[in-house]
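Raw data34.csv, CSV, C-alpha atoms:
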```
chain,number,residue,atom,x,y,z
T,260,MET,CA,49.3,-178.3,-70.9
T,261,HIS,CA,46.1,-177.2,-72.6
T,262,ARG,CA,45.7,-177.6,-76.3
T,263,LYS,CA,44.1,-174.7,-78.0
T,264,VAL,CA,41.4,-175.6,-80.5
T,265,LYS,CA,41.2,-173.5,-83.6
T,266,ARG,CA,37.7,-172.5,-84.3
T,267,SER,CA,37.0,-171.5,-87.9
T,268,ALA,CA,33.8,-170.6,-89.5
T,269,CYS,CA,31.9,-172.7,-92.0
T,270,ILE,CA,29.1,-171.5,-94.2
T,271,SER,CA,25.8,-173.3,-94.1
T,272,THR,CA,22.5,-172.5,-95.9
T,273,PHE,CA,20.7,-174.4,-93.2
T,274,PRO,CA,20.8,-173.7,-89.5
T,275,VAL,CA,22.9,-176.7,-88.6
T,276,ALA,CA,26.1,-177.1,-86.7
T,277,CYS,CA,29.3,-177.9,-88.6
T,278,THR,CA,31.8,-180.5,-87.7
T,279,ALA,CA,35.3,-180.4,-86.3
T,280,GLY,CA,34.7,-177.6,-83.9
T,281,ARG,CA,33.6,-175.1,-86.5
T,282,VAL,CA,30.9,-172.5,-85.9
T,283,ALA,CA,28.0,-172.4,-88.4
T,284,MET,CA,27.3,-169.0,-89.9
T,285,SER,CA,23.9,-169.0,-91.6
T,286,ILE,CA,23.6,-167.2,-94.9
T,287,SER,CA,20.1,-168.2,-95.2
T,288,SER,CA,18.6,-164.9,-94.4
T,289,MET,CA,18.6,-163.9,-98.1
T,290,ARG,CA,15.3,-164.2,-100.1
T,291,ASN,CA,13.4,-166.4,-97.7
T,292,GLY,CA,16.5,-168.6,-97.0
T,293,LYS,CA,17.1,-169.5,-100.6
T,294,MET,CA,20.3,-168.6,-102.4
T,295,ILE,CA,20.8,-168.7,-106.1
T,296,ILE,CA,24.4,-169.8,-105.9
T,297,LYS,CA,25.6,-173.1,-104.4
T,298,VAL,CA,28.3,-172.6,-101.8
T,299,SER,CA,30.1,-175.9,-102.5
T,300,ASP,CA,30.3,-175.1,-106.2
T,301,VAL,CA,31.8,-171.7,-105.5
T,302,LYS,CA,34.4,-173.4,-103.3
T,303,ASP,CA,35.2,-175.8,-106.1
T,304,VAL,CA,35.7,-173.0,-108.6
T,305,ALA,CA,37.9,-171.0,-106.2
T,306,GLY,CA,40.1,-174.0,-105.8
T,307,ASP,CA,42.3,-175.3,-103.0
T,308,GLY,CA,44.1,-172.8,-100.8
T,309,PHE,CA,41.3,-170.2,-100.8
T,310,ARG,CA,39.1,-169.4,-98.0
T,311,ILE,CA,35.9,-167.5,-98.8
T,312,SER,CA,34.2,-165.1,-96.5
T,313,GLU,CA,30.5,-165.0,-95.8
T,314,GLU,CA,30.3,-161.5,-97.3
T,315,PHE,CA,31.7,-162.8,-100.6
T,316,TYR,CA,28.9,-165.4,-100.9
T,317,ARG,CA,26.3,-162.7,-100.1
T,318,GLU,CA,27.6,-160.3,-102.7
T,319,LEU,CA,28.0,-163.0,-105.3
T,320,ASP,CA,24.4,-164.1,-104.7
T,321,ARG,CA,23.3,-160.4,-105.1
T,322,GLU,CA,25.2,-160.0,-108.3
T,323,VAL,CA,23.8,-163.2,-109.8
T,324,HIS,CA,20.3,-162.3,-108.7
T,325,SER,CA,20.6,-158.9,-110.3
T,326,MET,CA,21.9,-160.4,-113.6
T,327,VAL,CA,19.0,-162.8,-113.8
T,328,GLU,CA,16.5,-160.0,-113.1
T,329,GLN,CA,18.1,-157.8,-115.9
T,330,ALA,CA,18.0,-160.7,-118.3
T,331,ALA,CA,14.3,-161.3,-117.6
T,332,LYS,CA,13.5,-157.7,-118.2
T,333,ARG,CA,15.4,-157.8,-121.5
T,334,ALA,CA,13.6,-161.0,-122.6
T,335,LYS,CA,10.2,-159.5,-121.6
T,336,LYS,CA,11.0,-156.3,-123.5
T,337,ASN,CA,11.7,-158.4,-126.6
T,338,GLY,CA,8.5,-160.4,-126.3
T,339,ARG,CA,10.1,-163.6,-125.1
T,340,LYS,CA,9.6,-165.8,-122.1
T,341,THR,CA,12.9,-167.6,-122.6
T,342,LEU,CA,16.1,-166.2,-121.2
T,343,LYS,CA,18.9,-166.4,-123.8
T,344,PRO,CA,22.7,-166.0,-123.2
T,345,TYR,CA,22.6,-162.6,-125.0
T,346,ASP,CA,20.1,-161.3,-122.4
T,347,LEU,CA,23.1,-161.1,-120.1
```
What do you get writing this file as structure tokens?
Amino acid sequence: MHRKVKRSACISTFPVACTAGRVAMSISSMRNGKMIIKVSDVKDVAGDGFRISEEFYRELDREVHSMVEQAAKRAKKNGRKTLKPYDL
């Protein structure tokens, strides 16, 4: 009898193989391989019982990147070089 091995995806910001028969999917193609968000922290916030798709990480990173860009524009418009919470 052959035992079927379940292969699930894991997310990696580096081109490395994951453990336990998982296939690494690289999300490092964004902005020269550097993401703003930290995948492990997103997993912690989501909590146990949730799986997170690669597309979610990409979109979350895009949203955060956009928010930071907009905050920087607002700070510059107001003659500041320091981003403040109200710039969001």
>> Report as a PyMOL selection string all protein, DNA and RNA residues lying within 12 Å of Arg321 of chain T, evaluated on only C-alpha atoms, omitting residues in the same chain fewer than 4 positions from it.
In response: chain T and resi 289-290+293-296+314-317+325-328
> How many Å lie between atom CA of Ser312 of chain T and atom CA of Asp300 of chain T, rounded to one decimal?
Replying inline: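 Taking atom CA of Ser312 of chain T as the start and atom CA of Asp300 of chain T as the end point, the length is 14.5 Å.
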> To one decimal place, how far is atom CA of Ile311 of chain T from atom CA of Leu347 of chain T in Å?
Replying inline: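 According to the coordinates, atom CA of Ile311 of chain T and atom CA of Leu347 of chain T are separated by 25.7 Å.
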>> Between atom CA of Lys332 of chain T and atom CA of Val304 of chain T, what distance in Å does the model show, to one decimal?
In response: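 Going from atom CA of Lys332 of chain T over to atom CA of Val304 of chain T, I get 28.6 Å.
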>> I'd like the neighbourhood of Ala331 of chain T as a PyMOL selection string, where a residue qualifies if any of its atoms comes within 8 Å (using all atoms listed in the file), though same-chain residues fewer than 2 positions away should be ignored.
In response: chain T and resi 327-329+333-335+340+342+346
File dump, residues just selected, C-alpha atoms, as a compact mmCIF listing (two decimals), in the coordinates of the input:
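Writing done, so here's selection.txt:
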```
# COMPACT_ATOMS: atom_id res chain seq x y z
CA VAL T 327 19.00 -162.80 -113.80
CA GLU T 328 16.50 -160.00 -113.10
CA GLN T 329 18.10 -157.80 -115.90
CA ARG T 333 15.40 -157.80 -121.50
CA ALA T 334 13.60 -161.00 -122.60
CA LYS T 335 10.20 -159.50 -121.60
CA LYS T 340 9.60 -165.80 -122.10
CA LEU T 342 16.10 -166.20 -121.20
CA ASP T 346 20.10 -161.30 -122.40
```
Taking the structure I provided as the source, export segment 283-333 of chain T with N, CA and C atoms, as a compact mmCIF listing (two decimals), in the first residue's frame.
```txt
# COMPACT_ATOMS: atom_id res chain seq x y z
N ALA T 283 8.47 25.27 -2.08
CA ALA T 283 8.68 26.70 -1.84
C ALA T 283 8.16 27.52 -3.00
N MET T 284 7.38 28.54 -2.69
CA MET T 284 6.94 29.50 -3.69
C MET T 284 7.58 30.82 -3.33
N SER T 285 8.37 31.34 -4.22
CA SER T 285 9.08 32.56 -3.93
C SER T 285 8.20 33.77 -4.19
N ILE T 286 8.12 34.67 -3.22
CA ILE T 286 7.42 35.93 -3.42
C ILE T 286 8.43 37.06 -3.41
N SER T 287 9.66 36.71 -3.79
CA SER T 287 10.74 37.68 -3.73
C SER T 287 10.89 38.48 -5.02
N SER T 288 9.97 38.33 -5.94
CA SER T 288 10.09 39.05 -7.20
C SER T 288 9.67 40.51 -7.07
N MET T 289 9.14 40.88 -5.92
CA MET T 289 8.67 42.23 -5.74
C MET T 289 9.80 43.16 -5.30
N ARG T 290 9.86 44.31 -5.91
CA ARG T 290 10.81 45.36 -5.55
C ARG T 290 12.19 44.82 -5.21
N ASN T 291 12.82 44.24 -6.19
CA ASN T 291 14.19 43.71 -6.04
C ASN T 291 14.29 42.66 -4.93
N GLY T 292 13.24 41.88 -4.76
CA GLY T 292 13.30 40.81 -3.78
C GLY T 292 13.06 41.23 -2.35
N LYS T 293 12.65 42.46 -2.12
CA LYS T 293 12.47 42.91 -0.75
C LYS T 293 11.01 43.30 -0.51
N MET T 294 10.40 42.63 0.44
CA MET T 294 9.03 42.95 0.81
C MET T 294 9.03 43.87 2.02
N ILE T 295 8.00 44.68 2.11
CA ILE T 295 7.84 45.55 3.27
C ILE T 295 7.32 44.73 4.45
N ILE T 296 6.39 43.85 4.16
CA ILE T 296 5.78 43.06 5.23
C ILE T 296 6.66 41.87 5.58
N LYS T 297 6.44 41.33 6.75
CA LYS T 297 7.15 40.14 7.19
C LYS T 297 6.14 38.99 7.25
N VAL T 298 6.35 38.00 6.43
CA VAL T 298 5.41 36.90 6.27
C VAL T 298 5.07 36.24 7.61
N SER T 299 6.07 35.97 8.43
CA SER T 299 5.81 35.28 9.70
C SER T 299 4.95 36.13 10.63
N ASP T 300 5.11 37.45 10.59
CA ASP T 300 4.29 38.32 11.43
C ASP T 300 2.84 38.35 10.95
N VAL T 301 2.64 38.30 9.65
CA VAL T 301 1.28 38.26 9.11
C VAL T 301 0.60 36.98 9.55
N LYS T 302 1.33 35.87 9.51
CA LYS T 302 0.77 34.59 9.97
C LYS T 302 0.39 34.67 11.45
N ASP T 303 1.22 35.30 12.25
CA ASP T 303 0.93 35.44 13.68
C ASP T 303 -0.34 36.25 13.91
N VAL T 304 -0.51 37.32 13.16
CA VAL T 304 -1.70 38.16 13.31
C VAL T 304 -2.95 37.42 12.88
N ALA T 305 -2.87 36.66 11.80
CA ALA T 305 -4.03 35.91 11.30
C ALA T 305 -4.46 34.85 12.31
N GLY T 306 -3.52 34.29 13.02
CA GLY T 306 -3.84 33.31 14.04
C GLY T 306 -3.89 31.89 13.51
N ASP T 307 -4.02 30.98 14.45
CA ASP T 307 -4.08 29.56 14.11
C ASP T 307 -5.34 29.24 13.32
N GLY T 308 -5.23 28.29 12.47
CA GLY T 308 -6.38 27.83 11.71
C GLY T 308 -6.54 28.54 10.37
N PHE T 309 -5.75 29.55 10.10
CA PHE T 309 -5.85 30.26 8.82
C PHE T 309 -4.65 29.96 7.95
N ARG T 310 -4.94 29.66 6.71
CA ARG T 310 -3.89 29.54 5.71
C ARG T 310 -3.93 30.82 4.90
N ILE T 311 -2.79 31.26 4.42
CA ILE T 311 -2.72 32.53 3.71
C ILE T 311 -2.12 32.28 2.33
N SER T 312 -2.81 32.75 1.32
CA SER T 312 -2.34 32.52 -0.05
C SER T 312 -1.21 33.47 -0.40
N GLU T 313 -0.43 33.06 -1.38
CA GLU T 313 0.68 33.88 -1.86
C GLU T 313 0.16 35.21 -2.38
N GLU T 314 -1.00 35.17 -3.04
CA GLU T 314 -1.58 36.39 -3.58
C GLU T 314 -1.93 37.38 -2.48
N PHE T 315 -2.37 36.89 -1.32
CA PHE T 315 -2.69 37.77 -0.20
C PHE T 315 -1.46 38.53 0.24
N TYR T 316 -0.33 37.84 0.36
CA TYR T 316 0.91 38.51 0.77
C TYR T 316 1.31 39.57 -0.25
N ARG T 317 1.19 39.25 -1.53
CA ARG T 317 1.54 40.22 -2.56
C ARG T 317 0.67 41.47 -2.47
N GLU T 318 -0.64 41.26 -2.35
CA GLU T 318 -1.56 42.39 -2.30
C GLU T 318 -1.38 43.21 -1.02
N LEU T 319 -1.17 42.55 0.09
CA LEU T 319 -0.91 43.26 1.35
C LEU T 319 0.35 44.10 1.23
N ASP T 320 1.39 43.54 0.63
CA ASP T 320 2.63 44.28 0.45
C ASP T 320 2.42 45.50 -0.44
N ARG T 321 1.62 45.33 -1.51
CA ARG T 321 1.32 46.46 -2.40
C ARG T 321 0.57 47.56 -1.65
N GLU T 322 -0.40 47.16 -0.83
CA GLU T 322 -1.19 48.13 -0.07
C GLU T 322 -0.32 48.91 0.91
N VAL T 323 0.53 48.20 1.63
CA VAL T 323 1.42 48.85 2.60
C VAL T 323 2.37 49.79 1.88
N HIS T 324 2.93 49.33 0.76
CA HIS T 324 3.85 50.15 -0.02
C HIS T 324 3.15 51.44 -0.47
N SER T 325 1.93 51.32 -0.95
CA SER T 325 1.16 52.48 -1.39
C SER T 325 0.89 53.44 -0.24
N MET T 326 0.56 52.92 0.92
CA MET T 326 0.30 53.76 2.10
C MET T 326 1.54 54.55 2.50
N VAL T 327 2.68 53.92 2.46
CA VAL T 327 3.93 54.59 2.82
C VAL T 327 4.26 55.68 1.79
N GLU T 328 4.06 55.37 0.51
CA GLU T 328 4.32 56.37 -0.53
C GLU T 328 3.42 57.59 -0.34
N GLN T 329 2.13 57.36 -0.07
CA GLN T 329 1.19 58.47 0.13
C GLN T 329 1.55 59.28 1.36
N ALA T 330 1.96 58.62 2.43
CA ALA T 330 2.36 59.33 3.65
C ALA T 330 3.60 60.19 3.39
N ALA T 331 4.54 59.67 2.60
CA ALA T 331 5.74 60.43 2.28
C ALA T 331 5.39 61.66 1.44
N LYS T 332 4.47 61.52 0.50
CA LYS T 332 4.04 62.67 -0.30
C LYS T 332 3.39 63.74 0.58
N ARG T 333 2.56 63.30 1.51
CA ARG T 333 1.88 64.25 2.40
C ARG T 333 2.89 64.98 3.28
```
